[in-house]
$ cat final18.cif   # mmCIF, C-alpha atoms and all ligand atoms
data_work
loop_
_atom_site.label_atom_id
_atom_site.label_comp_id
_atom_site.auth_asym_id
_atom_site.auth_seq_id
_atom_site.Cartn_x
_atom_site.Cartn_y
_atom_site.Cartn_z
CA MET A 118 7.38 22.76 367.29
CA VAL A 119 4.67 20.22 368.06
CA ALA A 120 1.57 20.65 365.92
CA ARG A 121 -1.61 21.08 367.94
CA LYS A 122 -5.02 20.41 366.48
CA VAL A 123 -7.29 23.38 367.18
CA PHE A 124 -10.33 22.59 365.05
CA ALA A 125 -12.05 19.27 364.41
CA ARG A 126 -15.41 17.75 363.63
CA PRO A 127 -17.43 17.31 366.85
CA VAL A 128 -17.59 13.63 367.79
CA SER A 129 -21.38 14.00 368.08
CA LEU A 130 -21.55 14.56 364.30
CA LYS A 131 -21.08 11.73 361.82
CA ASP A 132 -18.41 12.18 359.16
CA VAL A 133 -20.88 12.57 356.30
CA ALA A 134 -21.82 15.35 353.90
CA THR A 135 -25.18 17.04 354.49
CA HIS A 136 -27.88 17.63 351.88
CA PHE A 137 -28.36 21.29 352.81
CA CYS A 138 -28.34 23.92 350.03
CA PRO A 139 -25.29 26.21 349.69
CA GLY A 140 -25.55 28.99 352.27
CA CYS A 141 -28.16 27.19 354.39
CA GLN A 142 -27.44 27.68 358.08
CA HIS A 143 -28.99 24.45 359.36
CA GLY A 144 -25.46 23.04 359.15
CA VAL A 145 -24.08 25.76 361.41
CA VAL A 146 -26.80 25.10 363.98
CA HIS A 147 -26.15 21.35 363.78
CA ARG A 148 -22.51 21.98 364.54
CA LEU A 149 -23.30 24.22 367.52
CA VAL A 150 -25.61 21.58 368.99
CA ALA A 151 -22.97 18.89 368.41
CA GLU A 152 -20.25 21.01 370.06
CA THR A 153 -22.54 21.39 373.06
CA LEU A 154 -23.14 17.64 373.30
CA ASP A 155 -19.37 17.15 373.12
CA HIS A 156 -18.94 19.74 375.88
CA PHE A 157 -21.19 17.72 378.17
CA ASN A 158 -19.68 14.46 376.88
CA ALA A 159 -23.29 13.48 376.31
CA ALA A 160 -23.59 11.96 372.82
CA GLY A 161 -24.09 8.48 374.28
CA ARG A 162 -26.98 9.58 376.49
CA THR A 163 -28.68 12.08 374.19
CA ILE A 164 -31.96 11.47 372.40
CA GLY A 165 -32.81 13.97 369.68
CA VAL A 166 -36.34 14.42 368.41
CA ALA A 167 -36.47 15.40 364.75
CA SER A 168 -39.45 17.09 363.11
CA VAL A 169 -40.54 17.81 359.54
CA GLY A 170 -38.69 20.12 357.20
CA CYS A 171 -35.14 20.28 355.96
CA SER A 172 -33.81 19.21 359.36
CA VAL A 173 -35.66 15.91 359.20
CA PHE A 174 -32.43 14.08 358.35
CA LEU A 175 -30.98 14.87 361.77
CA TYR A 176 -30.64 11.15 362.34
CA ASP A 177 -28.25 10.88 359.39
CA TYR A 178 -25.95 13.62 360.68
CA PHE A 179 -25.80 13.28 364.47
CA ASP A 180 -24.11 10.29 366.07
CA ILE A 181 -26.82 10.00 368.73
CA ASN A 182 -30.17 8.31 369.16
CA VAL A 183 -32.96 10.11 367.30
CA VAL A 184 -36.74 9.73 367.29
CA GLU A 185 -38.67 11.14 364.34
CA ALA A 186 -41.84 13.02 365.33
CA PRO A 187 -43.31 14.83 362.34
CA HIS A 188 -45.84 17.63 362.08
CA GLY A 189 -45.23 19.63 365.23
CA ARG A 190 -45.49 16.76 367.65
CA ALA A 191 -41.81 16.77 368.65
CA PRO A 192 -42.35 18.47 372.06
CA ALA A 193 -45.09 15.96 372.94
CA VAL A 194 -42.96 12.98 371.92
CA ALA A 195 -39.93 14.48 373.67
CA THR A 196 -42.03 14.85 376.83
CA GLY A 197 -42.67 11.12 376.88
CA VAL A 198 -39.06 10.28 376.06
CA LYS A 199 -37.70 12.53 378.82
CA ARG A 200 -40.15 11.33 381.44
CA VAL A 201 -39.12 7.73 380.78
CA HIS A 202 -35.40 8.40 380.26
CA LYS A 203 -34.86 10.93 383.02
CA ASN A 204 -31.08 10.76 382.85
CA SER A 205 -30.90 11.31 379.10
CA LEU A 206 -30.47 14.67 377.44
CA VAL A 207 -33.53 15.16 375.22
CA PHE A 208 -33.86 17.90 372.66
CA THR A 209 -36.15 18.77 369.79
CA TYR A 210 -34.94 20.47 366.62
CA GLN A 211 -37.78 22.18 364.77
CA GLY A 212 -38.32 24.62 361.94
CA ASP A 213 -40.75 27.52 362.03
CA GLY A 214 -43.32 25.74 359.87
CA ASP A 215 -43.17 22.76 362.19
CA LEU A 216 -43.02 24.51 365.57
CA ALA A 217 -44.92 27.76 365.02
CA ALA A 218 -47.71 26.50 362.74
CA ILE A 219 -48.79 22.88 362.93
CA GLY A 220 -47.04 22.42 366.30
CA THR A 221 -48.12 25.60 368.10
CA SER A 222 -50.17 23.71 370.65
CA GLU A 223 -47.48 21.17 371.50
CA ILE A 224 -44.73 23.72 372.06
CA ILE A 225 -46.88 25.99 374.21
CA HIS A 226 -48.06 23.20 376.47
CA ALA A 227 -44.63 21.56 376.80
CA ALA A 228 -43.21 24.94 377.84
CA ASN A 229 -46.13 25.67 380.14
CA ARG A 230 -45.70 22.31 381.87
CA GLY A 231 -42.05 23.13 382.39
CA GLU A 232 -40.87 19.91 380.78
CA GLY A 233 -37.14 19.38 381.22
CA LEU A 234 -36.41 19.65 377.52
CA THR A 235 -34.14 21.70 375.31
CA VAL A 236 -35.81 23.04 372.17
CA ILE A 237 -33.80 24.31 369.21
CA PHE A 238 -36.10 26.39 366.99
CA VAL A 239 -34.72 27.26 363.55
CA ASN A 240 -36.54 30.29 362.15
CA ASN A 241 -35.81 30.93 358.47
CA THR A 242 -39.09 32.84 357.91
CA THR A 243 -40.43 30.25 355.49
CA TYR A 244 -41.36 26.61 354.91
CA GLY A 245 -38.05 25.51 353.40
CA MET A 246 -38.44 21.88 352.45
CA THR A 247 -41.78 22.19 350.72
CA GLY A 248 -40.95 25.09 348.42
CA GLY A 249 -40.99 28.35 350.34
CA GLN A 250 -44.57 28.83 351.49
CA MET A 251 -45.56 31.55 353.96
CA ALA A 252 -44.92 30.58 357.58
CA PRO A 253 -46.20 32.20 360.80
CA THR A 254 -42.77 33.86 360.97
CA THR A 255 -42.76 35.29 357.43
CA LEU A 256 -42.05 39.03 357.64
CA PRO A 257 -44.66 41.64 356.66
CA GLY A 258 -44.31 42.25 352.92
CA GLN A 259 -42.14 39.16 352.38
CA ARG A 260 -42.86 37.44 349.09
CA THR A 261 -43.29 33.68 349.28
CA THR A 262 -44.87 31.10 347.01
CA THR A 263 -48.16 31.56 348.87
CA SER A 264 -47.88 35.33 349.37
CA SER A 265 -46.70 36.39 345.93
CA ALA A 266 -47.61 40.04 346.56
CA GLY A 267 -45.92 39.98 349.98
CA ARG A 268 -47.34 39.02 353.38
CA ASN A 269 -50.34 41.21 354.07
CA THR A 270 -50.81 41.46 357.84
CA ALA A 271 -54.43 42.56 357.39
CA SER A 272 -55.36 39.22 355.86
CA ASP A 273 -52.46 36.95 356.86
CA GLY A 274 -51.89 38.07 360.43
CA HIS A 275 -48.64 39.13 362.01
CA PRO A 276 -45.40 37.17 362.42
CA ILE A 277 -45.24 35.37 365.75
CA ARG A 278 -42.25 36.07 368.00
CA MET A 279 -42.02 32.63 369.59
CA ALA A 280 -39.12 33.35 371.96
CA GLU A 281 -41.01 36.27 373.53
CA LEU A 282 -44.33 34.39 373.56
CA LEU A 283 -42.89 31.37 375.37
CA ALA A 284 -41.04 33.64 377.81
CA THR A 285 -44.42 34.74 379.18
CA LEU A 286 -45.18 31.22 380.42
CA ASP A 287 -44.27 30.37 384.00
CA GLY A 288 -42.97 26.96 382.92
CA THR A 289 -40.29 28.39 380.67
CA ALA A 290 -36.96 28.61 382.47
CA TYR A 291 -34.91 29.98 379.59
CA SER A 292 -35.85 31.57 376.27
CA ALA A 293 -33.46 33.34 373.94
CA ARG A 294 -33.09 34.36 370.30
CA VAL A 295 -29.76 34.24 368.50
CA ALA A 296 -28.43 34.41 364.93
CA VAL A 297 -25.50 32.85 363.09
CA ASP A 298 -24.85 35.51 360.44
CA SER A 299 -21.47 36.65 361.79
CA PRO A 300 -18.63 35.08 363.78
CA GLY A 301 -19.66 37.06 366.85
CA HIS A 302 -23.25 35.93 366.56
CA VAL A 303 -22.15 32.31 366.06
CA LEU A 304 -20.21 32.49 369.33
CA GLU A 305 -23.22 33.99 371.12
CA ALA A 306 -25.48 31.34 369.61
CA GLY A 307 -23.15 28.61 370.84
CA LYS A 308 -23.26 30.05 374.36
CA ALA A 309 -27.06 30.18 374.35
CA ILE A 310 -27.34 26.59 373.13
CA ARG A 311 -24.86 25.43 375.75
CA ARG A 312 -26.80 27.31 378.42
CA ALA A 313 -30.07 25.73 377.27
CA PHE A 314 -28.60 22.23 377.48
CA GLY A 315 -26.97 23.17 380.77
CA TYR A 316 -30.41 23.89 382.17
CA GLN A 317 -31.40 20.35 381.36
CA VAL A 318 -28.22 18.89 382.84
CA GLU A 319 -28.98 20.80 386.04
CA GLY A 320 -32.69 19.90 386.01
CA ARG A 321 -33.81 23.53 385.84
CA GLY A 322 -36.71 23.07 383.40
CA PHE A 323 -37.77 23.99 379.88
CA ALA A 324 -35.22 25.83 377.76
CA PHE A 325 -35.78 27.32 374.29
CA VAL A 326 -33.35 28.80 371.77
CA GLU A 327 -34.63 30.41 368.58
CA VAL A 328 -31.97 30.69 365.87
CA LEU A 329 -32.52 33.08 362.95
CA THR A 330 -31.23 31.42 359.79
CA THR A 331 -31.12 31.78 356.02
CA CYS A 332 -32.98 29.88 353.33
CA PRO A 333 -31.21 31.22 350.22
CA THR A 334 -33.01 28.78 347.94
CA ASN A 335 -36.52 29.88 348.82
CA TRP A 336 -35.62 33.50 349.44
CA GLY A 337 -34.31 33.60 345.85
CA MET A 338 -30.96 34.97 347.01
CA ASP A 339 -27.34 33.93 346.79
CA PRO A 340 -25.79 32.85 350.12
CA VAL A 341 -24.07 36.21 350.76
CA ALA A 342 -27.20 38.25 350.09
CA ALA A 343 -29.27 35.87 352.21
CA ASN A 344 -26.82 36.21 355.08
CA ARG A 345 -26.98 40.02 354.80
CA ARG A 346 -30.77 39.90 354.93
CA ILE A 347 -30.55 38.52 358.47
CA ALA A 348 -29.01 41.76 359.80
CA ALA A 349 -30.86 44.08 357.44
CA GLU A 350 -34.41 42.75 357.78
CA VAL A 351 -34.80 39.75 360.05
CA ILE A 352 -33.06 40.88 363.26
CA PRO A 353 -34.87 44.26 363.25
CA PHE A 354 -38.17 42.36 363.40
CA PHE A 355 -36.96 39.48 365.60
CA PRO A 356 -34.58 41.12 368.09
CA LEU A 357 -31.78 39.05 369.53
CA GLY A 358 -31.64 38.60 373.27
CA THR A 359 -32.61 36.60 376.33
CA PHE A 360 -36.28 37.00 377.19
CA VAL A 361 -36.41 34.92 380.32
CA ASP A 362 -33.69 33.31 382.39
CA ARG A 363 -34.81 31.85 385.68
CA SER A 364 -31.44 30.45 386.67
CA GLY A 365 -31.19 32.90 389.52
CA ASP A 366 -27.45 33.18 389.06
CA GLU A 367 -25.09 35.19 386.89
CA ARG A 368 -23.04 33.21 384.36
C1 LIG B 1 -49.80 17.43 357.63
C2 LIG B 1 -48.67 17.90 356.76
N1 LIG B 1 -48.67 19.17 356.38
C3 LIG B 1 -47.65 19.60 355.66
C4 LIG B 1 -46.62 18.76 355.29
C5 LIG B 1 -45.53 19.18 354.46
N2 LIG B 1 -44.37 19.65 355.11
C6 LIG B 1 -43.26 18.92 355.24
S1 LIG B 1 -41.97 19.85 355.76
C7 LIG B 1 -42.96 21.23 355.84
C8 LIG B 1 -42.47 22.58 356.20
C9 LIG B 1 -41.27 22.60 356.99
O1 LIG B 1 -40.89 23.94 357.18
P1 LIG B 1 -40.08 24.36 358.42
O2 LIG B 1 -40.60 23.68 359.63
O3 LIG B 1 -40.06 25.84 358.45
O4 LIG B 1 -38.63 23.76 358.17
P2 LIG B 1 -37.53 24.11 357.08
O5 LIG B 1 -37.74 23.13 355.96
O6 LIG B 1 -37.71 25.53 356.66
O7 LIG B 1 -36.25 23.89 357.80
C10 LIG B 1 -44.25 20.94 355.46
C11 LIG B 1 -45.33 21.93 355.35
C12 LIG B 1 -46.66 17.47 355.68
N3 LIG B 1 -45.64 16.65 355.39
N4 LIG B 1 -47.70 17.04 356.39
S1 LIG B 2 -34.50 24.69 351.23
FE1 LIG B 2 -33.81 26.33 352.61
S2 LIG B 2 -33.87 25.44 354.69
FE2 LIG B 2 -33.93 23.74 353.19
S3 LIG B 2 -31.79 23.08 352.93
FE3 LIG B 2 -32.27 24.56 351.30
S4 LIG B 2 -31.63 26.57 352.13
FE4 LIG B 2 -31.79 25.13 353.85
#

$ encode --input "final18.cif" --output "structure tokens"
Amino acid sequence: MVARKVFARPVSLKDVATHFCPGCQHGVVHRLVAETLDHFNAAGRTIGVASVGCSVFLYDYFDINVVEAPHGRAPAVATGVKRVHKNSLVFTYQGDGDLAAIGTSEIIHAANRGEGLTVIFVNNTTYGMTGGQMAPTTLPGQRTTTSSAGRNTASDGHPIRMAELLATLDGTAYSARVAVDSPGHVLEAGKAIRRAFGYQVEGRGFAFVEVLTTCPTNWGMDPVAANRRIAAEVIPFFPLGTFVDRSGDER
């Protein structure tokens, strides 16, 4: 019998170890993005735009060109990159601190303008890299280093559902929320990410995928407990689904 290789590292990922904590799901999302770039055979013509947070080292892990645009400015920088390099695939990869706090303005206006970008939004309900502060996505009652008694919506406001918010804008062609806490959800997440990049390949406009992920380190949980929290607490507040899809066809 001839052996057949059925699983390999995507060519869009470098053969290096990542710095992510045990149980962190940034690595899973990286892999799904890389598999998508492989699918489109696009590593050589892709320009990623990294942000701040634990995903800042994107340029060390992906075998593609990467621009670093800290502090929420990734959609603005990506706009310029895409307008100049029209035939490139351009994506941003942003955490919830980056995209939904300091970068709220940039993401809303890039979506509203209908820029031909793909945005991967990694929502782990906290500021991971800087020590677990409260983010706009922190759940009501969630304890963080800056909400030690739990998020109080009366004084701290309510978590922002970015996928739904962006879906209200006419410029957004595709907006979905996925998770990677189970094999089934990983498959669905991969499909959504491929669809979002497919929109860009076909020139259909702005596409956004929010991925619910763990931060075991700052949640104070082991990886298994953190993964279970996604289904038990995070998905009930941030429902999975597609909130807008203006493709006009069934796929
Ligand atoms: C102006 C400014 N404010 C804050 C920071 C610190 N900072 C770096 S990363 C980060 C939070 C990143 O959190 P998130 O975007 O949720 O990504 P994660 O690390 O959770 O993946 C912050 C606040 C900074 N570097 N500069
Ligand atoms: S701090 Fe959180 S988001 Fe950052 S690498 Fe560790 S688990 Fe992942």

$ closest_residue --input "final18.cif" --among "A:His202, A:Arg190, A:His156, A:Arg311" --to "ligand LIG 1 (chain B)" --atoms "only C-alpha atoms and all ligand atoms"
A:Arg190

$ atom_distance --input "final18.cif" --atom1 "CA of Val351 (chain A)" --atom2 "CA of Gly214 (chain A)"
16.4 Å

$ atom_distance --input "final18.cif" --atom1 "CA of Ala296 (chain A)" --atom2 "CA of Phe314 (chain A)"
17.5 Å

$ residues_near_point --input "final18.cif" --point "(-26.8, 16.8, 352.4)" --cutoff "10 Å" --atoms "only C-alpha atoms" --output "PyMOL selection string"
chain A and resi 133-139+144+171+174+177-178

$ closest_residue --input "final18.cif" --among "A:Val169, A:Leu175, A:Val295, A:Val303" --to "Gly245 (chain A)" --atoms "all atoms listed in the file"
A:Val169

$ atom_distance --input "final18.cif" --atom1 "CA of Met251 (chain A)" --atom2 "CA of Val236 (chain A)"
22.3 Å

$ residues_near_ligand --input "final18.cif" --ligand "ligand LIG 2 (chain B)" --cutoff "9 Å" --atoms "all atoms listed in the file" --output "list in words"
His136, Phe137, Cys138, Pro139, Gly140, Cys141, Gln142, His143, Gly144, Gly170, Cys171, Ser172, Gly212, Asn241, Thr243, Tyr244, Gly245, Met246, Thr247, Gly248, Gly249, Thr330, Thr331, Cys332, Pro333, Thr334, Asn335, Trp336 and Pro340 of chain A

$ residues_around --input "final18.cif" --residues "region 217-232 of chain A" --least-positions-apart "2" --cutoff "7 Å" --atoms "all atoms listed in the file" --output "list in words"
His188, Gly189, Arg190, Pro192, Ala193, Thr196, Asp213, Gly214, Asp215, Leu234, Pro253, Leu283, Leu286, Asp287, Gly288, Thr289, Gly322 and Phe323 of chain A

$ residues_around --input "final18.cif" --residues "Ala348 (chain A)" --least-positions-apart "3" --cutoff "12 Å" --atoms "only C-alpha atoms" --output "list of chain:residue names"
A:Val295, A:Ala296, A:Val297, A:Asp298, A:Ser299, A:His302, A:Leu329, A:Thr330, A:Thr331, A:Val341, A:Ala342, A:Ala343, A:Asn344, A:Arg345, A:Val351, A:Ile352, A:Pro353, A:Phe354, A:Phe355, A:Pro356, A:Leu357

$ closest_residue --input "final18.cif" --among "A:Asn240, A:Ser292, A:Ser168, A:Gln259" --to "Ala309 (chain A)" --atoms "only C-alpha atoms"
A:Ser292

$ residues_around --input "final18.cif" --residues "region 121-127 of chain A" --least-positions-apart "2" --cutoff "8 Å" --atoms "all atoms listed in the file" --output "PyMOL selection string"
chain A and resi 119+129-130+132+148+151-152+155

$ closest_residue --input "final18.cif" --among "A:Thr262, A:Arg162, A:Ala191, A:Ala252" --to "Gly274 (chain A)" --atoms "all atoms listed in the file"
A:Ala252

$ residues_around --input "final18.cif" --residues "Ala313 (chain A)" --least-positions-apart "2" --cutoff "8 Å" --atoms "all atoms listed in the file" --output "list of chain:residue names"
A:Thr235, A:Tyr291, A:Ala309, A:Ile310, A:Arg311, A:Gly315, A:Tyr316, A:Gln317, A:Ala324, A:Phe325, A:Val326

$ closest_residue --input "final18.cif" --among "A:Ala186, A:Leu149, A:Ala280, A:Val194" --to "ligand LIG 1 (chain B)" --atoms "only C-alpha atoms and all ligand atoms"
A:Ala186

$ closest_residue --input "final18.cif" --among "A:Val328, A:Leu216, A:Val145, A:Val198" --to "ligand LIG 1 (chain B)" --atoms "all atoms listed in the file"
A:Leu216

$ axis_aligned_box --input "final18.cif" --around "region 176-185 of chain A" --padding-each-side "3 Å" --output "JSON"
{"center_x": -31.4, "center_y": 11.0, "center_z": 364.3, "size_x": 20.6, "size_y": 11.3, "size_z": 15.8}
